[in-house]
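Everything below concerns the one structure shown next.
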Amino acid sequence: MSSLLIIGGSGFFGKCFIDYFEKYSFKSWGIKNIYITSRTKKIILGHQTLIYNSEDFMSLPETDYIIYA
């Protein structure tokens, strides 16, 4: 299974990905974990999606795919 990093999770596209993941999951796409950066706050959604504060860019996990939204 792959992992996905979305940079800009507090914007329009980032929120759309979060909403889709909460409703349907990305497992059919082969994506197990989603990591999302946000400028606003640090939140944990469910047990697989993490939102990092954008100040923590040096500590982001390794991912297979990146979306810069």
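By convention here, the chains of the structure tokens are called A, B, ... in the order presented, each chain's residues are numbered starting at 1, and ligands are numbered starting at 1 in the order presented.
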*Near-A:Gly11 list (12 Å; only C-alpha atoms; drop same-chain fewer than 2 positions) as a ChimeraX atom specification*: /A:6-9,13-18,36-40,68-69
*Distance query A:Phe26 at most 12 Å, only C-alpha atoms, self and fewer than 6 positions along chain excluded, as a list in words*: Met1, Ser2, Ser3, Leu4, Phe17, Ile18, Asp19, Tyr20, Lys32, Asn33, Ile34, Gln48 and Thr49 of chain A
Could you save those same residues with N, CA, C and O atoms as a short mmCIF file (atom, residue, chain, number, x, y, z; two decimals), in the first residue's frame?
```
data_model
loop_
_atom_site.label_atom_id
_atom_site.label_comp_id
_atom_site.auth_asym_id
_atom_site.auth_seq_id
_atom_site.Cartn_x
_atom_site.Cartn_y
_atom_site.Cartn_z
N MET A 1 0.83 -1.18 0.00
CA MET A 1 0.00 0.00 0.00
C MET A 1 0.87 1.24 0.00
O MET A 1 1.92 1.28 0.62
N SER A 2 0.40 2.27 -0.66
CA SER A 2 1.13 3.52 -0.81
C SER A 2 0.67 4.55 0.21
O SER A 2 -0.33 4.37 0.90
N SER A 3 1.41 5.65 0.28
CA SER A 3 1.03 6.75 1.14
C SER A 3 1.03 8.04 0.32
O SER A 3 1.69 8.15 -0.70
N LEU A 4 0.26 9.02 0.78
CA LEU A 4 0.05 10.27 0.06
C LEU A 4 0.28 11.43 1.01
O LEU A 4 -0.18 11.41 2.15
N PHE A 17 -10.07 16.61 -0.41
CA PHE A 17 -9.45 15.30 -0.21
C PHE A 17 -9.78 14.73 1.16
O PHE A 17 -10.06 13.54 1.30
N ILE A 18 -9.77 15.57 2.18
CA ILE A 18 -10.09 15.12 3.54
C ILE A 18 -11.54 14.62 3.59
O ILE A 18 -11.83 13.56 4.15
N ASP A 19 -12.46 15.39 3.01
CA ASP A 19 -13.87 14.99 2.99
C ASP A 19 -14.06 13.67 2.27
O ASP A 19 -14.79 12.79 2.73
N TYR A 20 -13.40 13.51 1.12
CA TYR A 20 -13.51 12.26 0.36
C TYR A 20 -12.96 11.09 1.17
O TYR A 20 -13.56 10.03 1.23
N LYS A 32 -2.94 3.76 1.61
CA LYS A 32 -3.29 3.38 2.97
C LYS A 32 -3.25 4.57 3.92
O LYS A 32 -4.14 4.74 4.73
N ASN A 33 -2.21 5.38 3.84
CA ASN A 33 -2.04 6.51 4.75
C ASN A 33 -2.02 7.82 3.98
O ASN A 33 -1.44 7.91 2.91
N ILE A 34 -2.63 8.84 4.57
CA ILE A 34 -2.59 10.17 4.01
C ILE A 34 -2.03 11.10 5.08
O ILE A 34 -2.50 11.11 6.21
N GLN A 48 -5.63 7.05 10.54
CA GLN A 48 -4.65 6.95 9.48
C GLN A 48 -4.25 8.30 8.89
O GLN A 48 -3.26 8.38 8.20
N THR A 49 -4.99 9.34 9.16
CA THR A 49 -4.72 10.62 8.53
C THR A 49 -4.15 11.58 9.57
O THR A 49 -4.78 11.82 10.58
#
```
_Between atom CA of A:Pro61 and atom CA of A:Gly30, what is the distance in Å, rounded to a tenth?_
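Rounded to one decimal, the two atoms are 17.9 Å apart.
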